[in-house]
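Raw contents of target05.json, JSON, C-alpha atoms:
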[["chain", "number", "residue", "atom", "x", "y", "z"],
["A", 1, "MET", "CA", 21.69, -29.29, -11.06],
["A", 2, "ASN", "CA", 23.91, -30.93, -13.66],
["A", 3, "HIS", "CA", 27.52, -30.61, -12.49],
["A", 4, "ASN", "CA", 28.85, -31.32, -15.97],
["A", 5, "SER", "CA", 27.33, -28.57, -18.09],
["A", 6, "SER", "CA", 27.22, -24.76, -17.98],
["A", 7, "TYR", "CA", 27.99, -24.94, -14.31],
["A", 8, "HIS", "CA", 28.68, -21.28, -13.70],
["A", 9, "ALA", "CA", 25.41, -20.22, -15.38],
["A", 10, "GLU", "CA", 23.42, -22.81, -13.42],
["A", 11, "ALA", "CA", 24.99, -21.80, -10.12],
["A", 12, "LEU", "CA", 24.25, -18.14, -10.81],
["A", 13, "ALA", "CA", 20.63, -18.95, -11.66],
["A", 14, "PHE", "CA", 20.26, -20.96, -8.46],
["A", 15, "HIS", "CA", 21.83, -18.17, -6.40],
["A", 16, "ALA", "CA", 19.45, -15.64, -7.95],
["A", 17, "SER", "CA", 16.48, -17.82, -6.99],
["A", 18, "ALA", "CA", 17.45, -17.95, -3.30],
["A", 19, "PHE", "CA", 16.62, -15.42, -0.59],
["A", 20, "VAL", "CA", 20.04, -13.97, 0.25],
["A", 21, "VAL", "CA", 20.83, -12.12, 3.48],
["A", 22, "ASP", "CA", 24.10, -10.55, 4.59],
["A", 23, "GLY", "CA", 24.15, -9.99, 8.33],
["A", 24, "HIS", "CA", 26.79, -7.28, 8.72],
["A", 25, "CYS", "CA", 28.53, -4.48, 6.86],
["A", 26, "ASP", "CA", 30.07, -1.16, 7.86],
["A", 27, "THR", "CA", 29.03, 0.70, 4.73],
["A", 28, "LEU", "CA", 27.05, 3.44, 6.47],
["A", 29, "SER", "CA", 30.16, 4.72, 8.25],
["A", 30, "ARG", "CA", 31.99, 5.08, 4.95],
["A", 31, "VAL", "CA", 29.05, 6.69, 3.18],
["A", 32, "LEU", "CA", 28.65, 9.23, 5.98],
["A", 33, "ASP", "CA", 32.33, 10.03, 6.50],
["A", 34, "GLU", "CA", 33.63, 9.78, 2.94],
["A", 35, "GLY", "CA", 30.61, 10.99, 1.00],
["A", 36, "LEU", "CA", 30.54, 7.87, -1.18],
["A", 37, "ALA", "CA", 27.69, 7.19, -3.59],
["A", 38, "PHE", "CA", 25.87, 4.17, -2.18],
["A", 39, "ALA", "CA", 22.70, 4.35, -4.26],
["A", 40, "THR", "CA", 24.28, 4.82, -7.68],
["A", 41, "GLY", "CA", 27.48, 2.87, -7.03],
["A", 42, "ASP", "CA", 31.00, 3.77, -5.99],
["A", 43, "CYS", "CA", 34.14, 1.82, -6.85],
["A", 44, "ALA", "CA", 35.54, 2.60, -3.39],
["A", 45, "LEU", "CA", 32.73, 0.67, -1.68],
["A", 46, "GLN", "CA", 32.62, -3.09, -1.19],
["A", 47, "ILE", "CA", 28.83, -2.84, -0.85],
["A", 48, "ASP", "CA", 26.57, -0.44, -2.68],
["A", 49, "ARG", "CA", 23.19, -0.78, -4.32],
["A", 50, "PRO", "CA", 24.47, -1.93, -7.74],
["A", 51, "LYS", "CA", 26.81, -4.48, -6.12],
["A", 52, "LEU", "CA", 23.98, -5.83, -3.96],
["A", 53, "ARG", "CA", 21.88, -6.27, -7.08],
["A", 54, "GLN", "CA", 24.78, -7.89, -8.93],
["A", 55, "GLY", "CA", 25.20, -10.29, -6.00],
["A", 56, "HIS", "CA", 21.42, -10.89, -5.81],
["A", 57, "VAL", "CA", 21.30, -9.90, -2.13],
["A", 58, "ASN", "CA", 17.72, -9.47, -0.97],
["A", 59, "LEU", "CA", 18.35, -8.19, 2.54],
["A", 60, "GLN", "CA", 21.39, -6.30, 3.80],
["A", 61, "VAL", "CA", 21.98, -5.56, 7.49],
["A", 62, "MET", "CA", 23.55, -2.09, 7.76],
["A", 63, "ALA", "CA", 25.51, -1.66, 10.97],
["A", 64, "CYS", "CA", 26.11, 1.58, 12.81],
["A", 65, "TRP", "CA", 29.56, 1.00, 14.28],
["A", 66, "ASN", "CA", 30.42, 3.04, 17.35],
["A", 67, "GLU", "CA", 34.04, 4.16, 17.13],
["A", 68, "PRO", "CA", 35.74, 3.76, 20.56],
["A", 69, "ASP", "CA", 36.38, 7.49, 20.87],
["A", 70, "TYR", "CA", 32.64, 8.12, 21.13],
["A", 71, "ILE", "CA", 31.13, 7.60, 24.58],
["A", 72, "GLY", "CA", 27.97, 8.71, 26.36],
["A", 73, "HIS", "CA", 25.83, 11.25, 24.53],
["A", 74, "HIS", "CA", 28.49, 11.60, 21.85],
["A", 75, "ALA", "CA", 28.08, 7.91, 21.02],
["A", 76, "PHE", "CA", 24.32, 8.32, 20.77],
["A", 77, "SER", "CA", 24.65, 11.40, 18.54],
["A", 78, "ARG", "CA", 27.17, 9.65, 16.29],
["A", 79, "CYS", "CA", 24.86, 6.66, 15.95],
["A", 80, "MET", "CA", 21.91, 8.89, 15.10],
["A", 81, "ALA", "CA", 23.98, 10.57, 12.39],
["A", 82, "LYS", "CA", 24.54, 7.18, 10.74],
["A", 83, "ILE", "CA", 20.89, 6.27, 11.06],
["A", 84, "GLY", "CA", 20.01, 9.64, 9.59],
["A", 85, "CYS", "CA", 22.37, 8.94, 6.70],
["A", 86, "PHE", "CA", 20.43, 5.78, 5.90],
["A", 87, "HIS", "CA", 17.05, 7.52, 6.15],
["A", 88, "ASP", "CA", 18.30, 10.22, 3.80],
["A", 89, "LEU", "CA", 19.29, 7.54, 1.28],
["A", 90, "ALA", "CA", 15.93, 5.86, 1.75],
["A", 91, "ARG", "CA", 14.05, 9.10, 1.15],
["A", 92, "THR", "CA", 16.03, 10.22, -1.89],
["A", 93, "HIS", "CA", 16.62, 6.86, -3.57],
["A", 94, "GLY", "CA", 13.75, 4.68, -2.42],
["A", 95, "LEU", "CA", 15.66, 2.25, -0.20],
["A", 96, "ARG", "CA", 13.28, 0.01, 1.74],
["A", 97, "LEU", "CA", 13.85, -0.24, 5.49],
["A", 98, "VAL", "CA", 12.76, -3.63, 6.82],
["A", 99, "THR", "CA", 11.38, -3.46, 10.37],
["A", 100, "SER", "CA", 8.52, -5.96, 10.61],
["A", 101, "LEU", "CA", 7.51, -9.54, 9.98],
["A", 102, "ALA", "CA", 5.27, -8.35, 7.16],
["A", 103, "ASP", "CA", 8.26, -6.70, 5.45],
["A", 104, "LEU", "CA", 10.03, -10.08, 5.24],
["A", 105, "GLY", "CA", 7.39, -11.37, 2.86],
["A", 106, "ASP", "CA", 8.70, -9.17, 0.06],
["A", 107, "LEU", "CA", 11.57, -10.76, -1.89],
["A", 108, "SER", "CA", 12.78, -7.45, -3.27],
["A", 109, "GLU", "CA", 15.67, -5.36, -1.97],
["A", 110, "GLY", "CA", 15.55, -4.40, 1.69],
["A", 111, "TYR", "CA", 17.75, -3.16, 4.54],
["A", 112, "VAL", "CA", 17.90, -3.78, 8.30],
["A", 113, "LEU", "CA", 19.50, -1.28, 10.66],
["A", 114, "SER", "CA", 21.76, -2.59, 13.43],
["A", 115, "LEU", "CA", 24.23, -1.31, 16.02],
["A", 116, "GLU", "CA", 27.76, -2.61, 16.38],
["A", 117, "ASP", "CA", 28.42, -1.81, 20.06],
["A", 118, "ALA", "CA", 25.59, -0.81, 22.37],
["A", 119, "ALA", "CA", 27.52, 2.18, 23.78],
["A", 120, "PRO", "CA", 24.95, 4.56, 22.19],
["A", 121, "CYS", "CA", 22.29, 2.93, 24.38],
["A", 122, "MET", "CA", 24.11, 4.31, 27.45],
["A", 123, "GLY", "CA", 22.65, 1.51, 29.57],
["A", 124, "SER", "CA", 19.21, 3.10, 29.22],
["A", 125, "VAL", "CA", 15.90, 1.54, 28.16],
["A", 126, "ARG", "CA", 14.86, 4.97, 26.87],
["A", 127, "HIS", "CA", 17.76, 5.07, 24.44],
["A", 128, "VAL", "CA", 16.97, 1.55, 23.24],
["A", 129, "ASP", "CA", 13.37, 2.62, 22.64],
["A", 130, "ALA", "CA", 14.53, 5.69, 20.74],
["A", 131, "LEU", "CA", 16.73, 3.56, 18.51],
["A", 132, "TYR", "CA", 13.90, 1.11, 17.95],
["A", 133, "ALA", "CA", 11.70, 4.02, 16.85],
["A", 134, "THR", "CA", 14.25, 4.92, 14.15],
["A", 135, "GLY", "CA", 14.05, 1.38, 12.76],
["A", 136, "VAL", "CA", 16.91, -0.42, 14.53],
["A", 137, "ARG", "CA", 16.13, -4.14, 14.77],
["A", 138, "MET", "CA", 19.48, -5.68, 15.83],
["A", 139, "ILE", "CA", 22.00, -4.54, 18.45],
["A", 140, "GLY", "CA", 25.50, -5.86, 19.09],
["A", 141, "LEU", "CA", 26.22, -5.64, 22.79],
["A", 142, "THR", "CA", 29.89, -4.66, 22.50],
["A", 143, "TRP", "CA", 32.75, -3.90, 20.22],
["A", 144, "ASN", "CA", 36.20, -4.92, 21.50],
["A", 145, "GLY", "CA", 36.19, -2.76, 24.61],
["A", 146, "ARG", "CA", 33.98, -2.25, 27.66],
["A", 147, "ASN", "CA", 30.67, -0.43, 27.85],
["A", 148, "GLU", "CA", 27.76, -0.24, 30.30],
["A", 149, "LEU", "CA", 26.42, -3.63, 29.21],
["A", 150, "ALA", "CA", 29.41, -5.97, 28.92],
["A", 151, "ASP", "CA", 33.06, -6.48, 27.99],
["A", 152, "GLY", "CA", 34.37, -7.08, 24.50],
["A", 153, "VAL", "CA", 37.06, -9.53, 23.42],
["A", 154, "GLY", "CA", 39.77, -6.88, 23.79],
["A", 155, "VAL", "CA", 39.32, -6.51, 27.57],
["A", 156, "ALA", "CA", 42.21, -8.18, 29.41],
["A", 157, "LYS", "CA", 40.20, -9.72, 32.27],
["A", 158, "PRO", "CA", 36.63, -9.64, 31.02],
["A", 159, "GLY", "CA", 33.53, -10.11, 33.09],
["A", 160, "GLY", "CA", 30.06, -11.17, 32.03],
["A", 161, "LEU", "CA", 26.95, -9.10, 31.44],
["A", 162, "THR", "CA", 26.41, -6.25, 33.88],
["A", 163, "GLN", "CA", 23.07, -5.86, 35.59],
["A", 164, "PRO", "CA", 22.10, -3.07, 33.14],
["A", 165, "GLY", "CA", 23.26, -5.41, 30.38],
["A", 166, "ARG", "CA", 20.91, -8.16, 31.54],
["A", 167, "GLU", "CA", 18.04, -5.69, 31.87],
["A", 168, "LEU", "CA", 18.59, -4.22, 28.41],
["A", 169, "VAL", "CA", 18.91, -7.66, 26.77],
["A", 170, "ALA", "CA", 15.54, -8.60, 28.29],
["A", 171, "HIS", "CA", 14.02, -5.34, 27.06],
["A", 172, "MET", "CA", 15.48, -5.69, 23.56],
["A", 173, "GLN", "CA", 14.03, -9.15, 23.22],
["A", 174, "GLU", "CA", 10.69, -8.04, 24.61],
["A", 175, "ILE", "CA", 10.24, -5.26, 22.04],
["A", 176, "GLY", "CA", 11.69, -7.23, 19.12],
["A", 177, "ILE", "CA", 15.38, -6.43, 18.71],
["A", 178, "VAL", "CA", 17.80, -9.22, 17.78],
["A", 179, "VAL", "CA", 20.73, -9.41, 20.22],
["A", 180, "ASP", "CA", 24.13, -9.79, 18.56],
["A", 181, "ALA", "CA", 27.06, -11.34, 20.46],
["A", 182, "ALA", "CA", 29.78, -10.50, 17.91],
["A", 183, "HIS", "CA", 32.83, -9.03, 19.71],
["A", 184, "LEU", "CA", 31.41, -10.09, 23.09],
["A", 185, "ALA", "CA", 33.94, -11.61, 25.51],
["A", 186, "GLU", "CA", 33.31, -15.24, 26.37],
["A", 187, "PRO", "CA", 31.96, -14.71, 29.93],
["A", 188, "GLY", "CA", 29.34, -12.35, 28.50],
["A", 189, "PHE", "CA", 28.54, -14.81, 25.73],
["A", 190, "TRP", "CA", 27.67, -17.52, 28.25],
["A", 191, "ASP", "CA", 25.68, -15.08, 30.40],
["A", 192, "LEU", "CA", 23.73, -14.02, 27.34],
["A", 193, "LEU", "CA", 22.82, -17.52, 26.27],
["A", 194, "GLU", "CA", 21.85, -18.45, 29.81],
["A", 195, "SER", "CA", 19.52, -15.48, 30.24],
["A", 196, "SER", "CA", 18.21, -15.09, 26.69],
["A", 197, "SER", "CA", 14.55, -15.80, 25.93],
["A", 198, "LYS", "CA", 14.96, -15.74, 22.15],
["A", 199, "PRO", "CA", 17.60, -16.88, 19.63],
["A", 200, "VAL", "CA", 20.67, -14.66, 19.52],
["A", 201, "VAL", "CA", 23.21, -14.19, 16.75],
["A", 202, "VAL", "CA", 26.91, -13.69, 16.23],
["A", 203, "SER", "CA", 26.65, -11.54, 13.14],
["A", 204, "HIS", "CA", 30.22, -11.79, 11.89],
["A", 205, "ALA", "CA", 32.78, -14.30, 13.14],
["A", 206, "ASN", "CA", 34.25, -17.69, 12.23],
["A", 207, "ALA", "CA", 35.40, -20.94, 13.83],
["A", 208, "ARG", "CA", 38.39, -20.74, 16.16],
["A", 209, "ALA", "CA", 39.23, -24.40, 15.52],
["A", 210, "VAL", "CA", 39.92, -23.46, 11.88],
["A", 211, "CYS", "CA", 41.60, -20.10, 12.58],
["A", 212, "ASP", "CA", 42.75, -19.32, 16.11],
["A", 213, "HIS", "CA", 41.69, -15.68, 16.41],
["A", 214, "ARG", "CA", 40.12, -14.11, 19.50],
["A", 215, "ARG", "CA", 37.15, -12.92, 17.46],
["A", 216, "ASN", "CA", 36.27, -16.44, 16.30],
["A", 217, "LEU", "CA", 34.07, -18.79, 18.32],
["A", 218, "THR", "CA", 35.15, -21.95, 20.09],
["A", 219, "ASP", "CA", 33.46, -25.22, 19.25],
["A", 220, "ALA", "CA", 31.61, -25.07, 22.57],
["A", 221, "GLN", "CA", 30.23, -21.63, 21.73],
["A", 222, "ILE", "CA", 29.15, -22.73, 18.26],
["A", 223, "LYS", "CA", 27.36, -25.80, 19.64],
["A", 224, "ALA", "CA", 25.60, -23.72, 22.29],
["A", 225, "LEU", "CA", 24.53, -21.12, 19.72],
["A", 226, "ALA", "CA", 23.09, -23.90, 17.53],
["A", 227, "GLN", "CA", 21.24, -25.46, 20.46],
["A", 228, "GLN", "CA", 19.67, -22.08, 21.14],
["A", 229, "ASN", "CA", 18.54, -21.83, 17.47],
["A", 230, "GLY", "CA", 20.78, -18.83, 16.82],
["A", 231, "VAL", "CA", 23.03, -18.16, 13.85],
["A", 232, "LEU", "CA", 26.69, -17.49, 13.19],
["A", 233, "GLY", "CA", 27.35, -15.13, 10.30],
["A", 234, "ILE", "CA", 30.46, -16.51, 8.61],
["A", 235, "THR", "CA", 32.61, -13.49, 7.86],
["A", 236, "TYR", "CA", 35.10, -12.63, 5.13],
["A", 237, "VAL", "CA", 37.69, -10.86, 7.30],
["A", 238, "PRO", "CA", 40.98, -12.35, 6.06],
["A", 239, "ALA", "CA", 42.53, -12.41, 9.56],
["A", 240, "PHE", "CA", 39.55, -14.46, 10.78],
["A", 241, "LEU", "CA", 39.76, -16.88, 7.82],
["A", 242, "GLY", "CA", 43.36, -18.04, 8.01],
["A", 243, "PRO", "CA", 46.97, -17.22, 7.17],
["A", 244, "GLY", "CA", 48.34, -15.83, 3.94],
["A", 245, "ALA", "CA", 45.85, -14.56, 1.39],
["A", 246, "PRO", "CA", 42.73, -16.65, 2.08],
["A", 247, "GLY", "CA", 40.03, -16.92, -0.54],
["A", 248, "ILE", "CA", 36.62, -18.44, -1.05],
["A", 249, "GLU", "CA", 37.98, -21.90, -0.24],
["A", 250, "ALA", "CA", 38.86, -20.65, 3.26],
["A", 251, "ILE", "CA", 35.31, -19.39, 3.77],
["A", 252, "VAL", "CA", 34.02, -22.82, 2.77],
["A", 253, "ARG", "CA", 36.38, -24.49, 5.25],
["A", 254, "HIS", "CA", 34.81, -22.55, 8.09],
["A", 255, "ILE", "CA", 31.33, -23.41, 6.82],
["A", 256, "ASP", "CA", 32.38, -27.07, 6.59],
["A", 257, "HIS", "CA", 33.59, -27.08, 10.19],
["A", 258, "VAL", "CA", 30.48, -25.40, 11.61],
["A", 259, "CYS", "CA", 28.11, -27.63, 9.64],
["A", 260, "GLU", "CA", 29.94, -30.80, 10.70],
["A", 261, "LEU", "CA", 30.07, -29.63, 14.32],
["A", 262, "ALA", "CA", 26.59, -28.23, 14.85],
["A", 263, "GLY", "CA", 24.55, -28.65, 11.67],
["A", 264, "PRO", "CA", 23.63, -26.27, 8.85],
["A", 265, "ASP", "CA", 20.86, -24.43, 10.68],
["A", 266, "VAL", "CA", 23.38, -22.30, 12.60],
["A", 267, "VAL", "CA", 25.34, -21.16, 9.51],
["A", 268, "ALA", "CA", 24.65, -17.80, 7.89],
["A", 269, "LEU", "CA", 26.62, -15.01, 6.20],
["A", 270, "GLY", "CA", 28.04, -11.83, 7.77],
["A", 271, "SER", "CA", 30.52, -10.31, 5.36],
["A", 272, "ASP", "CA", 31.88, -7.29, 7.31],
["A", 273, "PHE", "CA", 32.36, -5.63, 3.92],
["A", 274, "ASP", "CA", 33.44, -1.98, 4.15],
["A", 275, "GLY", "CA", 34.84, -2.76, 7.58],
["A", 276, "ILE", "CA", 37.86, -4.50, 6.04],
["A", 277, "SER", "CA", 40.68, -3.07, 3.96],
["A", 278, "GLN", "CA", 41.51, -6.43, 2.36],
["A", 279, "THR", "CA", 39.02, -8.94, 1.05],
["A", 280, "PRO", "CA", 39.20, -12.69, 0.35],
["A", 281, "VAL", "CA", 40.80, -13.69, -2.94],
["A", 282, "GLY", "CA", 38.01, -14.09, -5.47],
["A", 283, "LEU", "CA", 35.48, -12.08, -3.44],
["A", 284, "PRO", "CA", 36.49, -8.42, -3.74],
["A", 285, "HIS", "CA", 32.98, -7.07, -3.21],
["A", 286, "MET", "CA", 29.39, -8.21, -2.77],
["A", 287, "GLY", "CA", 28.77, -8.44, -6.49],
["A", 288, "PHE", "CA", 30.89, -11.61, -6.56],
["A", 289, "LEU", "CA", 28.87, -13.45, -3.90],
["A", 290, "PRO", "CA", 27.50, -16.05, -6.38],
["A", 291, "ARG", "CA", 31.04, -17.47, -6.48],
["A", 292, "LEU", "CA", 30.59, -18.59, -2.88],
["A", 293, "THR", "CA", 27.29, -20.26, -3.73],
["A", 294, "GLU", "CA", 28.95, -22.11, -6.58],
["A", 295, "ALA", "CA", 31.80, -23.22, -4.31],
["A", 296, "LEU", "CA", 29.32, -24.64, -1.81],
["A", 297, "ILE", "CA", 27.47, -26.63, -4.44],
["A", 298, "VAL", "CA", 30.71, -27.92, -5.95],
["A", 299, "ARG", "CA", 31.64, -29.00, -2.40],
["A", 300, "GLY", "CA", 28.54, -31.18, -2.34],
["A", 301, "TYR", "CA", 26.12, -29.11, -0.29],
["A", 302, "SER", "CA", 22.51, -29.73, -1.26],
["A", 303, "GLU", "CA", 20.44, -26.88, -2.64],
["A", 304, "PRO", "CA", 18.14, -26.77, 0.44],
["A", 305, "VAL", "CA", 21.17, -26.47, 2.74],
["A", 306, "VAL", "CA", 22.75, -23.76, 0.58],
["A", 307, "LYS", "CA", 19.50, -21.80, 0.76],
["A", 308, "LYS", "CA", 19.61, -22.01, 4.56],
["A", 309, "ILE", "CA", 23.16, -20.66, 4.59],
["A", 310, "LEU", "CA", 22.43, -17.91, 2.07],
["A", 311, "GLY", "CA", 19.52, -16.44, 3.97],
["A", 312, "GLU", "CA", 16.85, -18.73, 5.34],
["A", 313, "ASN", "CA", 18.61, -19.11, 8.69],
["A", 314, "TRP", "CA", 18.74, -15.33, 9.11],
["A", 315, "LEU", "CA", 15.04, -15.11, 8.26],
["A", 316, "ARG", "CA", 14.23, -17.75, 10.88],
["A", 317, "VAL", "CA", 15.98, -15.73, 13.59],
["A", 318, "PHE", "CA", 14.36, -12.45, 12.54],
["A", 319, "ARG", "CA", 10.94, -14.13, 12.66],
["A", 320, "ALA", "CA", 11.68, -15.61, 16.09],
["A", 321, "ASN", "CA", 12.68, -12.20, 17.50],
["A", 322, "TRP", "CA", 10.55, -9.56, 15.84],
["A", 323, "VAL", "CA", 7.15, -9.07, 17.46],
["A", 324, "VAL", "CA", 5.25, -7.24, 14.71]]

Before we go any further, please render this structure as structure tokens.
Amino acid sequence: MNHNSSYHAEALAFHASAFVVDGHCDTLSRVLDEGLAFATGDCALQIDRPKLRQGHVNLQVMACWNEPDYIGHHAFSRCMAKIGCFHDLARTHGLRLVTSLADLGDLSEGYVLSLEDAAPCMGSVRHVDALYATGVRMIGLTWNGRNELADGVGVAKPGGLTQPGRELVAHMQEIGIVVDAAHLAEPGFWDLLESSSKPVVVSHANARAVCDHRRNLTDAQIKALAQQNGVLGITYVPAFLGPGAPGIEAIVRHIDHVCELAGPDVVALGSDFDGISQTPVGLPHMGFLPRLTEALIVRGYSEPVVKKILGENWLRVFRANWVV
């Protein structure tokens, strides 16, 4: 790529040629609760189908966040309502749910269903199996609080994985569900990596050495995640990026730190769009994602490394976890 001519156009063309994956958004909650128009586009959304196409995103992970007020069967019902919302969109607008290794061979638009907080699982293998049957292929063990599996980062004196947590992690990995450690308190993080048989992910977080926030990972956690062949989805949450009004340069600083610390194979993207009220300067919605690609190339990242960050690392983890 010639850095001296038509740079924006060349960066956009390169971005469009890559396989791009975003590992986390909260769009389903907003579509369900606010009645927003995902398929045709809605200015209130940070991610919708037109914005994904504008940003040349091939695969979007759609999280079903469990609000803390929902526990037990209410959490399961709430989760199923969000999954049902996606399936309704898929049926009426032709959205493609990606659930298998074979599905990953198609470079066109696709979606992966995930859970943010395993409270809907209720500590039960049967509930995990039911969610798998609906198409769920990634599950975050906690949000900020405590559930049957583990403690989140908001628990004052957190413990590690519970015995049901260990049993469900083993079952998830056996049937082909990616385990997500975002929001998981540090004792649980170390328990997870010690007991895991497959690569795990932290779908949306950043580096604590760059921004000291409880939701960001320490250098030791990042190194361990890399050694386990997992990925860290660098997120766009301003509070996790740094002080003031951080922009794309702040995102790149976190990517710089993680790459220098543990190598580029652990770096991925996890926007948390539609779960944030403010967005990074210069990246107001997913349609502007090529700006991040351009910033990485200007920084000196090679095209093969940028492709890993944009999506190839996520694909590697999906392929290592999914069994069919």

* **Contact residues around stretch 40-55 of chain A with all atoms listed in the file at 10 Å, ignoring same-chain residues under 5 positions, as a PyMOL selection string** => chain A and resi 12+15-16+20+22+25-28+30-31+34+60+93+95+108-109+271-277+279+283-291

* To do: Select, from A:Phe19, A:Trp322, A:Phe14, A:Tyr70, the residue with the minimum atom-to-atom distance to A:Val179, counting all atoms listed in the file.
  => A:Trp322

Hey, what's within 10 Å of A:Pro243 if we count all atoms listed in the file and toss same-chain stuff fewer than 5 positions away? As a tab-separated table (two decimals) with C-alpha atoms, keeping the file's coordinate frame, please?
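The resulting file, around-v6.tsv, is shown below:
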chain	number	residue	atom	x	y	z
A	211	CYS	CA	41.60	-20.10	12.58
A	238	PRO	CA	40.98	-12.35	6.06
A	250	ALA	CA	38.86	-20.65	3.26

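When all atoms listed in the file are used to measure the gap to A:Leu113, the shortest distance among A:Thr92, A:Arg166, A:His24, A:Asp129 belongs to A:His24.
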
* To do: Could you give me, as an NGL selection string, the residues within 8 Å of A:Ala295, counting all atoms listed in the file and dropping anything in the same chain fewer than 5 positions from it?
  => :A and (248-249 or 252)

Would you write out those residues with C-alpha atoms, as a PDB file, in the coordinates of the input?
ATOM      1  CA  ILE A 248      36.620 -18.440  -1.050  1.00  0.00           C
ATOM      2  CA  GLU A 249      37.980 -21.900  -0.240  1.00  0.00           C
ATOM      3  CA  VAL A 252      34.020 -22.820   2.770  1.00  0.00           C
TER       4      VAL A 252
END

Write out as a short mmCIF file (atom, residue, chain, number, x, y, z; two decimals) with C-alpha atoms, in the coordinates of the input each polymer residue whose atoms come within 9 Å of stretch 73-84 of chain A, counting all atoms listed in the file; drop sequence neighbours fewer than 6 positions from it.
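The result, stored in result-v4.cif:
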data_model
loop_
_atom_site.label_atom_id
_atom_site.label_comp_id
_atom_site.auth_asym_id
_atom_site.auth_seq_id
_atom_site.Cartn_x
_atom_site.Cartn_y
_atom_site.Cartn_z
CA LEU A 28 27.05 3.44 6.47
CA SER A 29 30.16 4.72 8.25
CA VAL A 31 29.05 6.69 3.18
CA LEU A 32 28.65 9.23 5.98
CA ALA A 63 25.51 -1.66 10.97
CA CYS A 64 26.11 1.58 12.81
CA TRP A 65 29.56 1.00 14.28
CA ASN A 66 30.42 3.04 17.35
CA GLU A 67 34.04 4.16 17.13
CA LEU A 113 19.50 -1.28 10.66
CA LEU A 115 24.23 -1.31 16.02
CA ALA A 119 27.52 2.18 23.78
CA PRO A 120 24.95 4.56 22.19
CA CYS A 121 22.29 2.93 24.38
CA MET A 122 24.11 4.31 27.45
CA HIS A 127 17.76 5.07 24.44
CA LEU A 131 16.73 3.56 18.51
CA THR A 134 14.25 4.92 14.15
CA GLY A 135 14.05 1.38 12.76
CA VAL A 136 16.91 -0.42 14.53
#

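Taking atom CA of A:Val200 and atom CA of A:Gln278 as the two end points, the separation is 28.2 Å.
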
* To do: Point out the residue among A:Cys259, A:Leu161, A:Leu269, A:Ala9 with the least atom-to-atom distance to A:Ala205, counting all atoms listed in the file.
  => A:Leu269

* Could you check which of A:Val61, A:Glu186, A:Gly94, A:Met172 is closest to A:Ala130, using all atoms listed in the file? => A:Met172

* Calculate how many Å separate atom CA of A:Tyr236 from atom CA of A:Pro158, rounding to one decimal. => 26.1 Å

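Omitting A:Phe240 and its sequence neighbours fewer than 5 positions away, and counting only C-alpha atoms, the residues within 9 Å are Ala205, Asn206, Ala207, Arg208, Cys211, Asp212, His213, Arg214, Arg215, Asn216 and Thr235 of chain A.
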
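The closest residue to A:Leu192, picked from A:Ala150, A:Val155, A:Leu97, A:Leu217 and counting all atoms listed in the file, is A:Ala150.
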
* Just how far from atom CA of A:Gly23 is atom CA of A:Asn313, in Å to one decimal? -> 10.7 Å

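Closest approach to A:Gly110 among A:Arg253, A:Lys307, A:Arg126, A:His56: A:His56, based on all atoms listed in the file.
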
Each side padded by 3 Å, which centre and which edge lengths in Å (one decimal) define the axis-aligned box around the listed atoms of stretch 62-78 of chain A? Give them as JSON.
{"center_x": 30.0, "center_y": 4.8, "center_z": 17.1, "size_x": 18.8, "size_y": 19.7, "size_z": 24.6}

Repaired coordinates for stretch 201-210 of chain A (N, CA and C atoms) as a short mmCIF file (atom, residue, chain, number, x, y, z; two decimals), in the frame of the given file:
data_model
loop_
_atom_site.label_atom_id
_atom_site.label_comp_id
_atom_site.auth_asym_id
_atom_site.auth_seq_id
_atom_site.Cartn_x
_atom_site.Cartn_y
_atom_site.Cartn_z
N VAL A 201 22.34 -14.01 17.91
CA VAL A 201 23.21 -14.19 16.75
C VAL A 201 24.63 -13.75 17.08
N VAL A 202 25.56 -14.26 16.31
CA VAL A 202 26.91 -13.69 16.23
C VAL A 202 27.03 -13.28 14.76
N SER A 203 26.89 -12.00 14.51
CA SER A 203 26.65 -11.54 13.14
C SER A 203 27.83 -11.72 12.21
N HIS A 204 29.05 -11.67 12.77
CA HIS A 204 30.22 -11.79 11.89
C HIS A 204 31.40 -12.33 12.68
N ALA A 205 31.67 -13.61 12.50
CA ALA A 205 32.78 -14.30 13.14
C ALA A 205 32.95 -15.65 12.46
N ASN A 206 33.99 -16.37 12.82
CA ASN A 206 34.25 -17.69 12.23
C ASN A 206 34.57 -18.70 13.32
N ALA A 207 35.12 -19.84 12.91
CA ALA A 207 35.40 -20.94 13.83
C ALA A 207 36.85 -20.88 14.30
N ARG A 208 37.04 -20.83 15.62
CA ARG A 208 38.39 -20.74 16.16
C ARG A 208 39.19 -22.02 15.91
N ALA A 209 38.52 -23.15 15.79
CA ALA A 209 39.23 -24.40 15.52
C ALA A 209 39.88 -24.39 14.14
N VAL A 210 39.36 -23.59 13.23
CA VAL A 210 39.92 -23.46 11.88
C VAL A 210 40.95 -22.34 11.83
#
